[in-house]
Structures are given as structure tokens and as C-alpha cells.
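Everything below belongs to entry13.txt, which stores compact mmCIF, C-alpha atoms.
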```
# COMPACT_ATOMS: atom_id res chain seq x y z
CA MET A 1 -25.39 20.93 13.09
CA GLN A 2 -23.90 19.77 9.79
CA VAL A 3 -21.00 22.18 10.24
CA GLU A 4 -20.26 20.76 13.69
CA SER A 5 -20.33 17.19 12.36
CA THR A 6 -17.92 18.06 9.54
CA THR A 7 -15.60 19.84 11.94
CA THR A 8 -15.60 16.86 14.31
CA THR A 9 -14.81 14.42 11.47
CA THR A 10 -11.94 16.59 10.26
CA GLY A 11 -10.55 16.84 13.77
CA ARG A 12 -10.64 13.07 14.21
CA ALA A 13 -8.84 12.56 10.88
CA ARG A 14 -6.12 14.96 11.96
CA SER A 15 -5.76 13.18 15.29
CA PHE A 16 -4.93 9.96 13.42
CA ALA A 17 -2.34 11.68 11.21
CA LEU A 18 1.14 10.19 11.43
CA ALA A 19 3.98 12.58 12.27
CA PRO A 20 6.21 13.12 9.19
CA ALA A 21 9.32 12.10 11.13
CA TRP A 22 7.73 8.75 12.00
CA PHE A 23 6.67 8.12 8.43
CA LEU A 24 10.21 8.88 7.28
CA ARG A 25 11.47 6.22 9.70
CA LEU A 26 8.93 3.73 8.37
CA ALA A 27 9.97 4.49 4.78
CA ALA A 28 13.61 3.95 5.74
CA VAL A 29 12.76 0.59 7.34
CA GLU A 30 10.90 -0.37 4.17
CA LEU A 31 13.96 0.57 2.10
CA PHE A 32 16.20 -1.60 4.28
CA ALA A 33 13.77 -4.53 4.12
CA LEU A 34 13.63 -4.38 0.32
CA TRP A 35 17.44 -4.28 0.20
CA LEU A 36 17.65 -7.21 2.62
CA ILE A 37 15.33 -9.39 0.56
CA VAL A 38 17.71 -8.99 -2.39
CA ALA A 39 20.58 -10.30 -0.25
CA THR A 40 18.62 -13.20 1.27
CA GLY A 41 17.26 -14.16 -2.14
CA ALA A 42 20.80 -14.22 -3.50
CA ALA A 43 21.88 -16.38 -0.53
CA VAL A 44 19.19 -18.91 -1.45
CA ARG A 45 20.45 -19.17 -5.01
CA LEU A 46 24.16 -19.14 -4.25
CA THR A 47 23.98 -21.82 -1.55
CA GLY A 48 21.97 -24.11 -3.84
CA SER A 49 18.91 -23.80 -1.58
CA GLY A 50 16.33 -22.75 -4.17
CA LEU A 51 14.64 -26.15 -4.01
CA GLY A 52 15.21 -26.64 -0.29
CA CYS A 53 11.43 -26.33 0.14
CA ARG A 54 9.51 -27.97 -2.71
CA HIS A 55 6.10 -26.69 -1.62
CA TRP A 56 4.69 -23.22 -1.03
CA PRO A 57 4.01 -21.42 1.27
CA GLY A 58 4.87 -24.34 3.56
CA CYS A 59 8.18 -26.11 3.15
CA GLU A 60 6.98 -29.64 2.38
CA ALA A 61 3.60 -31.30 1.95
CA GLY A 62 2.16 -31.80 5.42
CA HIS A 63 5.17 -30.05 7.01
CA PRO A 64 4.88 -26.26 6.87
CA LEU A 65 8.15 -25.74 8.75
CA PRO A 66 11.56 -26.86 7.44
CA ALA A 67 12.63 -30.24 8.78
CA LYS A 68 15.35 -31.43 6.42
CA ASP A 69 18.70 -29.66 6.26
CA TYR A 70 20.26 -26.23 6.08
CA HIS A 71 19.05 -25.74 2.48
CA ALA A 72 15.48 -25.90 3.72
CA TYR A 73 16.22 -23.45 6.54
CA ILE A 74 17.85 -20.98 4.16
CA GLU A 75 14.96 -21.12 1.68
CA PHE A 76 12.32 -20.93 4.40
CA GLY A 77 14.20 -18.09 6.11
CA ASN A 78 14.06 -16.12 2.87
CA ARG A 79 10.31 -16.70 2.73
CA VAL A 80 9.97 -15.39 6.29
CA VAL A 81 11.96 -12.27 5.39
CA GLY A 82 9.72 -11.86 2.35
CA GLY A 83 6.59 -12.16 4.48
CA VAL A 84 7.84 -9.55 6.95
CA THR A 85 8.73 -7.26 4.04
CA ILE A 86 5.20 -7.58 2.66
CA LEU A 87 3.79 -6.55 6.05
CA ILE A 88 6.17 -3.57 6.24
CA THR A 89 5.20 -2.34 2.77
CA LEU A 90 1.53 -2.74 3.68
CA LEU A 91 2.06 -0.69 6.84
CA VAL A 92 3.82 2.05 4.87
CA ALA A 93 1.10 2.09 2.20
CA VAL A 94 -1.68 2.39 4.79
CA THR A 95 0.05 4.99 6.96
CA SER A 96 0.88 7.09 3.88
CA LEU A 97 -2.84 7.82 3.65
CA TRP A 98 -2.60 9.63 7.01
CA THR A 99 0.25 11.92 6.01
CA PRO A 100 0.32 15.13 3.94
CA LEU A 101 2.11 13.29 1.13
CA GLY A 102 1.03 14.14 -2.39
CA ARG A 103 -1.00 11.84 -4.59
CA ARG A 104 2.00 10.47 -6.50
CA ALA A 105 3.84 9.58 -3.30
CA LYS A 106 0.82 7.74 -1.91
CA GLN A 107 0.41 5.88 -5.20
CA LEU A 108 4.08 4.93 -5.04
CA ALA A 109 3.64 3.56 -1.51
CA GLY A 110 0.70 1.46 -2.71
CA ALA A 111 2.63 0.24 -5.74
CA LEU A 112 5.52 -0.87 -3.52
CA PHE A 113 3.13 -3.00 -1.49
CA LEU A 114 1.53 -4.56 -4.58
CA GLY A 115 4.92 -5.21 -6.17
CA THR A 116 6.24 -6.86 -3.01
CA LEU A 117 3.07 -8.93 -2.77
CA ALA A 118 3.62 -10.04 -6.39
CA GLN A 119 6.93 -11.57 -5.31
CA ALA A 120 5.02 -14.34 -3.52
CA PRO A 121 3.45 -15.90 -6.65
CA LEU A 122 6.74 -15.38 -8.48
CA GLY A 123 8.51 -17.38 -5.78
CA TYR A 124 5.86 -20.10 -6.07
CA LEU A 125 6.31 -20.17 -9.84
CA ALA A 126 10.10 -20.39 -9.48
CA VAL A 127 9.78 -23.51 -7.30
CA LYS A 128 7.14 -25.12 -9.54
CA THR A 129 9.26 -24.57 -12.68
CA ASP A 130 12.40 -25.98 -10.99
CA LEU A 131 14.08 -22.57 -10.98
CA ARG A 132 13.80 -21.77 -14.68
CA TRP A 133 16.09 -18.82 -15.25
CA PRO A 134 13.48 -16.38 -16.71
CA VAL A 135 11.34 -16.71 -13.57
CA VAL A 136 14.26 -16.40 -11.17
CA MET A 137 15.63 -13.43 -13.12
CA ALA A 138 12.22 -11.71 -13.06
CA HIS A 139 12.15 -12.32 -9.29
CA LEU A 140 15.46 -10.45 -8.87
CA LEU A 141 14.68 -7.62 -11.30
CA LEU A 142 11.35 -6.91 -9.62
CA SER A 143 13.24 -6.68 -6.32
CA MET A 144 15.59 -4.09 -7.84
CA VAL A 145 12.69 -2.03 -9.24
CA LEU A 146 10.99 -2.08 -5.84
CA LEU A 147 14.25 -1.03 -4.19
CA ALA A 148 14.44 1.97 -6.52
CA GLY A 149 10.86 2.91 -5.71
CA ALA A 150 11.60 2.71 -1.99
CA VAL A 151 14.52 5.13 -2.44
CA VAL A 152 12.23 7.64 -4.15
CA LEU A 153 9.61 7.24 -1.41
CA VAL A 154 12.24 8.07 1.21
CA PHE A 155 12.90 11.31 -0.68
CA PHE A 156 9.19 12.12 -0.67
CA ALA A 157 9.03 11.42 3.07
CA SER A 158 12.12 13.52 3.82
CA GLU A 159 10.46 16.49 2.14
CA LEU A 160 7.74 16.38 4.79
CA VAL A 161 10.39 16.76 7.49
CA GLY A 162 12.91 19.21 6.05
CA GLY A 163 11.51 20.47 2.78
CA ARG A 164 13.26 20.48 -0.55
CA CYS A 165 15.05 22.93 -2.81
CA LYS A 166 14.86 23.89 -6.42
CA PRO A 167 17.11 21.71 -8.63
CA PHE A 168 20.79 22.66 -8.44
CA VAL A 169 21.76 21.38 -11.88
CA PRO A 170 20.41 22.33 -15.33
CA ARG A 171 17.65 20.34 -16.99
CA GLU A 172 20.08 18.85 -19.52
CA LEU A 173 22.13 17.21 -16.77
CA ARG A 174 19.00 16.03 -15.01
CA LEU A 175 17.88 14.32 -18.21
CA PHE A 176 21.37 12.87 -18.63
CA GLY A 177 21.06 11.57 -15.07
CA ILE A 178 17.96 9.63 -16.11
CA GLY A 179 20.08 8.12 -18.87
CA VAL A 180 22.71 7.14 -16.31
CA ALA A 181 20.02 5.50 -14.18
CA ALA A 182 18.78 3.64 -17.28
CA ALA A 183 22.35 2.46 -17.92
CA GLY A 184 22.49 1.36 -14.28
CA LEU A 185 19.31 -0.66 -14.77
CA ALA A 186 20.82 -2.21 -17.91
CA LEU A 187 23.82 -3.10 -15.77
CA VAL A 188 21.55 -4.85 -13.28
CA VAL A 189 19.84 -6.74 -16.11
CA SER A 190 23.11 -7.83 -17.71
CA GLY A 191 24.42 -8.90 -14.31
CA SER A 192 21.27 -10.97 -13.80
CA LEU A 193 21.82 -12.59 -17.20
CA ALA A 194 25.41 -13.38 -16.23
CA THR A 195 24.15 -15.03 -13.05
CA ALA A 196 21.60 -17.00 -15.09
CA ALA A 197 24.45 -18.32 -17.23
CA GLY A 198 26.84 -18.90 -14.33
CA PRO A 199 27.51 -21.95 -12.18
CA HIS A 200 25.20 -21.04 -9.29
CA SER A 201 21.85 -22.41 -10.44
CA GLY A 202 20.28 -22.42 -7.00
CA GLY A 203 19.04 -26.00 -7.30
CA GLY A 204 21.77 -27.82 -5.41
CA THR A 205 22.17 -31.28 -6.91
CA THR A 206 19.08 -30.79 -9.12
CA GLN A 207 19.89 -29.99 -12.74
CA VAL A 208 18.65 -26.48 -13.60
CA HIS A 209 18.42 -25.16 -17.15
CA ARG A 210 20.99 -22.42 -17.80
CA LEU A 211 20.60 -19.38 -20.06
CA ALA A 212 23.71 -19.81 -22.22
CA ARG A 213 27.45 -20.29 -22.03
CA PHE A 214 28.90 -18.12 -19.29
CA GLU A 215 31.78 -16.42 -21.15
CA PRO A 216 29.79 -14.64 -23.94
CA VAL A 217 27.24 -13.33 -21.46
CA LEU A 218 30.05 -12.16 -19.18
CA TYR A 219 31.69 -10.24 -22.03
CA ALA A 220 28.37 -8.57 -22.84
CA HIS A 221 28.03 -7.62 -19.17
CA ALA A 222 31.54 -6.11 -19.27
CA GLY A 223 30.48 -3.99 -22.25
CA VAL A 224 27.49 -2.65 -20.33
CA VAL A 225 29.82 -1.91 -17.39
CA ALA A 226 32.02 0.17 -19.73
CA VAL A 227 29.07 2.17 -21.10
CA PHE A 228 27.70 2.84 -17.64
CA GLY A 229 31.15 3.74 -16.26
CA CYS A 230 31.80 6.32 -18.97
CA SER A 231 28.39 7.94 -18.51
CA PHE A 232 28.75 8.07 -14.73
CA LEU A 233 32.25 9.57 -14.94
CA PHE A 234 30.93 12.31 -17.26
CA LEU A 235 28.23 13.11 -14.70
CA LEU A 236 30.80 13.11 -11.89
CA GLY A 237 33.08 15.39 -13.90
CA TYR A 238 30.31 17.95 -14.29
CA LEU A 239 29.65 17.95 -10.55
CA ALA A 240 33.39 18.17 -9.83
CA ALA A 241 33.68 21.28 -11.98
CA ARG A 242 30.90 22.90 -9.93
CA ARG A 243 31.65 21.38 -6.55
CA SER A 244 31.99 24.81 -4.90
CA SER A 245 28.31 25.52 -5.54
CA VAL A 246 26.98 21.99 -4.89
CA PRO A 247 29.47 20.50 -2.40
CA ARG A 248 27.13 18.01 -0.74
CA LEU A 249 25.73 16.78 -4.02
CA PHE A 250 29.29 16.23 -5.24
CA MET A 251 30.15 14.34 -2.04
CA ALA A 252 27.08 12.15 -2.54
CA ALA A 253 28.26 11.36 -6.06
CA LEU A 254 31.71 10.46 -4.70
CA ALA A 255 30.08 8.10 -2.20
CA VAL A 256 28.25 6.34 -5.05
CA LEU A 257 31.54 6.15 -6.97
CA ALA A 258 33.21 4.49 -3.97
CA VAL A 259 30.51 1.81 -3.85
CA LEU A 260 30.84 1.28 -7.60
CA LEU A 261 34.61 0.84 -7.30
CA VAL A 262 34.11 -1.75 -4.57
CA GLN A 263 31.63 -3.49 -6.87
CA VAL A 264 34.10 -3.55 -9.77
CA GLY A 265 36.84 -4.89 -7.51
CA LEU A 266 34.58 -7.64 -6.20
CA GLY A 267 33.57 -8.56 -9.74
CA GLU A 268 37.18 -8.98 -10.81
CA LEU A 269 38.10 -10.88 -7.64
CA GLN A 270 35.21 -13.32 -7.84
CA TYR A 271 36.00 -14.06 -11.50
CA ARG A 272 39.65 -14.79 -10.78
CA LEU A 273 38.69 -17.03 -7.84
CA HIS A 274 36.20 -18.96 -10.03
CA LEU A 275 33.06 -17.47 -8.50
CA PRO A 276 32.98 -18.69 -4.88
CA TRP A 277 29.44 -18.32 -3.61
CA TYR A 278 30.26 -16.04 -0.68
CA LEU A 279 31.99 -13.47 -2.93
CA VAL A 280 29.11 -13.57 -5.41
CA LEU A 281 26.72 -12.96 -2.50
CA ILE A 282 28.68 -9.89 -1.41
CA HIS A 283 28.78 -8.79 -5.05
CA VAL A 284 24.97 -8.95 -5.29
CA ALA A 285 24.50 -7.09 -1.99
CA VAL A 286 26.89 -4.33 -3.06
CA ALA A 287 25.16 -4.21 -6.46
CA ALA A 288 21.85 -3.53 -4.70
CA THR A 289 23.56 -0.80 -2.63
CA ALA A 290 25.10 0.76 -5.74
CA TRP A 291 21.75 0.67 -7.57
CA ALA A 292 20.02 2.37 -4.63
CA GLY A 293 22.79 5.00 -4.58
CA ILE A 294 22.42 5.71 -8.30
CA VAL A 295 18.66 6.14 -7.95
CA ALA A 296 19.14 8.40 -4.91
CA LEU A 297 21.66 10.57 -6.74
CA VAL A 298 19.46 11.02 -9.80
CA THR A 299 16.43 11.71 -7.61
CA ALA A 300 18.45 14.39 -5.82
CA PHE A 301 19.03 16.03 -9.21
CA TRP A 302 15.29 16.50 -9.62
CA ARG A 303 14.10 16.83 -6.00
CA PRO A 304 17.06 17.87 -3.83
CA PRO A 305 16.29 17.71 -0.11
CA ALA A 306 16.95 20.81 1.94
CA TRP A 307 20.05 19.42 3.65
CA LEU A 308 21.84 19.35 0.29
CA ALA A 309 21.49 23.13 0.05
CA ALA A 310 24.58 23.93 2.15
CA LEU A 311 26.47 26.86 0.66
CA HIS A 312 23.89 27.08 -2.12
CA SER A 313 21.86 30.18 -2.83
CA GLU A 314 18.69 28.59 -4.17
CA PRO A 315 15.61 29.15 -1.97
CA ARG A 316 13.98 26.26 -0.20
CA SER A 317 10.66 24.97 -1.49
CA ALA A 318 7.66 23.90 0.55
CA GLY A 319 7.91 20.60 2.35
CA VAL A 320 4.73 18.98 0.96
CA SER A 321 5.43 16.39 -1.74
CA SER A 322 3.62 16.55 -5.02
```

Representation of the structure as C-alpha cells:
Amino acid sequence: MQVESTTTTTGRARSFALAPAWFLRLAAVELFALWLIVATGAAVRLTGSGLGCRHWPGCEAGHPLPAKDYHAYIEFGNRVVGGVTILITLLVAVTSLWTPLGRRAKQLAGALFLGTLAQAPLGYLAVKTDLRWPVVMAHLLLSMVLLAGAVVLVFFASELVGGRCKPFVPRELRLFGIGVAAAGLALVVSGSLATAAGPHSGGGTTQVHRLARFEPVLYAHAGVVAVFGCSFLFLLGYLAARRSSVPRLFMAALAVLAVLLVQVGLGELQYRLHLPWYLVLIHVAVAATAWAGIVALVTAFWRPPAWLAALHSEPRSAGVSS
């Protein structure tokens, strides 16, 4: 009798299991949503709409919906996107429990939900402190960390569908790749500091405290760009020398390089045009894309998906994530 009950319970659990292909789609939607919230958050700051709604979660006291001007609509629209993103991350975290993902992948899905949820009190704090730069910067950096986590979760989910291979590159290069990713994160931080010192405070006509003078912070950011660029080119050179054995991995690295070159060009253009808000917005969106590409490339060093194995002799590993 006990055996029959256990068997029935197990069968019911399996019947609720989500197909790996569907979970991969959900993880991809989560990745897009976390990228989008970076862009909409930047739009709030760059259009001077950060104080368009002075209350939270409603726009104004006694008026939960925006009723003033376009600044209020932009700020409230960002909050709506944030709310939808929280729901998406919650859905992914819950459905991950009904997939054959490993423990670390399920913990990552839960952490993405908690991190996205933490953005809500950070947004409240940003409004209550009149957009003090440390709070706004923490808001952006948390978004970038969550974006990186979403990229890794997509890799975990893809392994359920197509499996993964043994690493193509030696351990030394994989460790160097982590260093490149760390340099990329430093680049994101220095870019955030440059924004905190720049002219786009996010407060419209309200005076917002700035970090420092713009030029010194910009020069420091340029130095970080140089360090990151040299390290990435070294990594790319290694892959180029072995492109016959890892052609798709090399092509992926070239794609990341193309995004980085666009980012550098936008940075130079926006500086020469005295930082028009629309160019800075594109710059931030491309920066989020480049950061996601860097994380994806380094993750592929350690956990290459099966589709990267074209023309490679390494055997394919099992599809269940650890």
C-alpha cells in the first residue's frame, strides 16, 4: 500500500515537470527582461525623470497612476517594467523546481528572483534620497549582476535541451577568462561612476548631488577601458590561433568584439557631441549587451553547450546541469 502511494506521488510530480525546451524559453525571456530594465532605468535617468513620481509604489500621494507630464509616465513605466520583471523571475524560480536542473542552477534561479525583488526597495530609497548617486549606482550595478546571472542560467537551461561538452580550452585560459570578466565588471563600475559624475543627474530641474568633476572620472574610466581591451584582445588572439579546432567559439568571441567596438565608437561620439541623452541611452543599452556577451563567452569556456562542438573531437557530456 505504501509502495503504491509513493509511486502515485512520484508519477504526479513527473506529470507537473516542465519540458526543458519550455524552461529554456522562460530563461531567455527572463534574460531579455533583465536587459530591458537596464535600458528603461537608463531612460529614466537620462530624460531627467527620476523624480517624476515622488512617491512609491504609486506615483503621487493619493494618485497611484501618473497624472502630471511625460517625466511621470517615463518613471512609472519603468516601475511597471520592473514589476513585470519581478513576476517573470518568480515564475522562472518556481518552474525551475519542476525541471531536472541541478541544485546550483535552481539556487541561481531563486537568487535572480530575490535580487530583482531587492530592486524595489532600492528604487524607493533612490526617490527618498533625491537620487543620491551611491543609491542610483547600486541600482544599476545590481541590474548588471542580475543580467550576468540570467546569462549563466540560460546556459544551464540549454544543457537540459542539447547537453554540453567538455571544455575546449585549457584551464589557464579559462581562469584568464574569469579575469577578463572581472575587468569587464570593473568597466561597468567605472562607467557607472562616470555617469554619476556626468551631466545627466536624473532629477530634471531638481539639484542632485554629483560624485565628482566629470573629466577625472572619465580619464579613469578610459584607463579601465584600456586594461580591459588589452586583456580581451589577448584572449581573442589565443582563440584566433586555434580557430580551426574551436571555430564557433572563435566566432562567438568575434561577435562580442563587434559589440565592444560599437560601444567604443558610441563612447567617443557621445563625448564629442557633449553627451546628448539619446546617445548615452544607446551607450548604456549596448554596454548591457556587451556585458552579457562577455559573461556568455567566459561561461562557454567552462560549460560549452553542445552546439559549439562543431568540428571538435571532444565527446559530449550529459545534459543534466550540476

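When all atoms listed in the file are used to measure the gap to Ala186 in chain A, the shortest distance among A:Pro276, A:Gly52, A:Pro134, A:Gly223 belongs to A:Gly223.
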
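Compared by their closest atoms to Leu266 in chain A, and using all atoms listed in the file, the residues A:Phe232, A:Tyr278, A:Phe156, A:Phe250 rank with A:Tyr278 nearest.
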
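Remark: for Ala194 in chain A, the closest of the candidate residues A:Val217, A:Ile178, A:Ile282, A:Ala120 is A:Val217 (distances computed over only C-alpha atoms).
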
Quiz item: Could you name the residues that touch range 62-78 of chain A at 6 Å or less, counting all atoms listed in the file, but leaving out those on the same chain fewer than 3 positions away, as a VMD selection string?
Solution: chain A and resid 40 44 49 52 to 53 58 to 59 81

How would the residues just chosen look if you wrote them out with C-alpha atoms as a tab-separated table (two decimals), in the frame of the given file?
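Ended up saving to out-v7.tsv:
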```tsv
chain	number	residue	atom	x	y	z
A	40	THR	CA	18.62	-13.20	1.27
A	44	VAL	CA	19.19	-18.91	-1.45
A	49	SER	CA	18.91	-23.80	-1.58
A	52	GLY	CA	15.21	-26.64	-0.29
A	53	CYS	CA	11.43	-26.33	0.14
A	58	GLY	CA	4.87	-24.34	3.56
A	59	CYS	CA	8.18	-26.11	3.15
A	81	VAL	CA	11.96	-12.27	5.39
```

Quiz item: In Å, with one decimal, what is the gap from CA of Leu18 in chain A to CA of Val154 in chain A?
Solution: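 Those two atoms sit 15.2 Å apart.
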
Could you complete range 216-227 of chain A so that it carries all heavy atoms, and give it back as a JSON list (two decimals), in the frame of the given file?
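Output (out-v1.json):
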```
[["chain", "number", "residue", "atom", "x", "y", "z"],
["A", 216, "PRO", "N", 30.38, -15.70, -23.10],
["A", 216, "PRO", "CA", 29.79, -14.64, -23.94],
["A", 216, "PRO", "C", 28.91, -13.67, -23.17],
["A", 216, "PRO", "O", 28.94, -12.46, -23.43],
["A", 216, "PRO", "CB", 28.99, -15.43, -24.99],
["A", 216, "PRO", "CG", 29.61, -16.79, -25.00],
["A", 216, "PRO", "CD", 30.04, -17.04, -23.60],
["A", 217, "VAL", "N", 28.12, -14.20, -22.25],
["A", 217, "VAL", "CA", 27.24, -13.33, -21.46],
["A", 217, "VAL", "C", 28.07, -12.42, -20.56],
["A", 217, "VAL", "O", 27.75, -11.24, -20.37],
["A", 217, "VAL", "CB", 26.26, -14.18, -20.63],
["A", 217, "VAL", "CG1", 25.35, -13.28, -19.79],
["A", 217, "VAL", "CG2", 25.42, -15.07, -21.53],
["A", 218, "LEU", "N", 29.17, -12.96, -20.02],
["A", 218, "LEU", "CA", 30.05, -12.16, -19.18],
["A", 218, "LEU", "C", 30.68, -11.02, -19.96],
["A", 218, "LEU", "O", 30.78, -9.89, -19.47],
["A", 218, "LEU", "CB", 31.13, -13.05, -18.57],
["A", 218, "LEU", "CG", 32.15, -12.34, -17.66],
["A", 218, "LEU", "CD1", 31.45, -11.78, -16.43],
["A", 218, "LEU", "CD2", 33.26, -13.30, -17.24],
["A", 219, "TYR", "N", 31.09, -11.29, -21.21],
["A", 219, "TYR", "CA", 31.69, -10.24, -22.03],
["A", 219, "TYR", "C", 30.66, -9.15, -22.36],
["A", 219, "TYR", "O", 30.99, -7.96, -22.38],
["A", 219, "TYR", "CB", 32.26, -10.84, -23.32],
["A", 219, "TYR", "CG", 33.40, -11.79, -23.09],
["A", 219, "TYR", "CD1", 33.62, -12.89, -23.93],
["A", 219, "TYR", "CD2", 34.27, -11.62, -22.01],
["A", 219, "TYR", "CE1", 34.66, -13.77, -23.70],
["A", 219, "TYR", "CE2", 35.32, -12.50, -21.77],
["A", 219, "TYR", "CZ", 35.51, -13.56, -22.62],
["A", 219, "TYR", "OH", 36.54, -14.44, -22.38],
["A", 220, "ALA", "N", 29.43, -9.55, -22.61],
["A", 220, "ALA", "CA", 28.37, -8.57, -22.84],
["A", 220, "ALA", "C", 28.14, -7.71, -21.60],
["A", 220, "ALA", "O", 27.95, -6.49, -21.69],
["A", 220, "ALA", "CB", 27.08, -9.28, -23.25],
["A", 221, "HIS", "N", 28.18, -8.36, -20.44],
["A", 221, "HIS", "CA", 28.03, -7.62, -19.17],
["A", 221, "HIS", "C", 29.18, -6.62, -19.00],
["A", 221, "HIS", "O", 28.95, -5.48, -18.57],
["A", 221, "HIS", "CB", 28.02, -8.62, -18.01],
["A", 221, "HIS", "CG", 27.94, -7.98, -16.66],
["A", 221, "HIS", "ND1", 26.94, -7.13, -16.28],
["A", 221, "HIS", "CD2", 28.78, -8.08, -15.57],
["A", 221, "HIS", "CE1", 27.14, -6.72, -15.03],
["A", 221, "HIS", "NE2", 28.25, -7.29, -14.59],
["A", 222, "ALA", "N", 30.39, -7.02, -19.36],
["A", 222, "ALA", "CA", 31.54, -6.11, -19.27],
["A", 222, "ALA", "C", 31.35, -4.90, -20.18],
["A", 222, "ALA", "O", 31.73, -3.78, -19.82],
["A", 222, "ALA", "CB", 32.81, -6.86, -19.62],
["A", 223, "GLY", "N", 30.75, -5.12, -21.36],
["A", 223, "GLY", "CA", 30.48, -3.99, -22.25],
["A", 223, "GLY", "C", 29.50, -3.01, -21.65],
["A", 223, "GLY", "O", 29.66, -1.78, -21.76],
["A", 224, "VAL", "N", 28.46, -3.53, -20.99],
["A", 224, "VAL", "CA", 27.49, -2.65, -20.33],
["A", 224, "VAL", "C", 28.16, -1.89, -19.19],
["A", 224, "VAL", "O", 27.88, -0.71, -18.96],
["A", 224, "VAL", "CB", 26.28, -3.47, -19.82],
["A", 224, "VAL", "CG1", 25.30, -2.56, -19.08],
["A", 224, "VAL", "CG2", 25.58, -4.16, -20.98],
["A", 225, "VAL", "N", 29.07, -2.57, -18.47],
["A", 225, "VAL", "CA", 29.82, -1.91, -17.39],
["A", 225, "VAL", "C", 30.60, -0.72, -17.95],
["A", 225, "VAL", "O", 30.63, 0.37, -17.36],
["A", 225, "VAL", "CB", 30.78, -2.91, -16.71],
["A", 225, "VAL", "CG1", 31.73, -2.17, -15.77],
["A", 225, "VAL", "CG2", 30.00, -3.95, -15.94],
["A", 226, "ALA", "N", 31.23, -0.90, -19.13],
["A", 226, "ALA", "CA", 32.02, 0.17, -19.73],
["A", 226, "ALA", "C", 31.14, 1.36, -20.11],
["A", 226, "ALA", "O", 31.50, 2.52, -19.85],
["A", 226, "ALA", "CB", 32.75, -0.36, -20.96],
["A", 227, "VAL", "N", 29.99, 1.09, -20.71],
["A", 227, "VAL", "CA", 29.07, 2.17, -21.10],
["A", 227, "VAL", "C", 28.59, 2.94, -19.87],
["A", 227, "VAL", "O", 28.59, 4.18, -19.84],
["A", 227, "VAL", "CB", 27.88, 1.61, -21.90],
["A", 227, "VAL", "CG1", 26.83, 2.70, -22.13],
["A", 227, "VAL", "CG2", 28.36, 1.04, -23.23]]
```
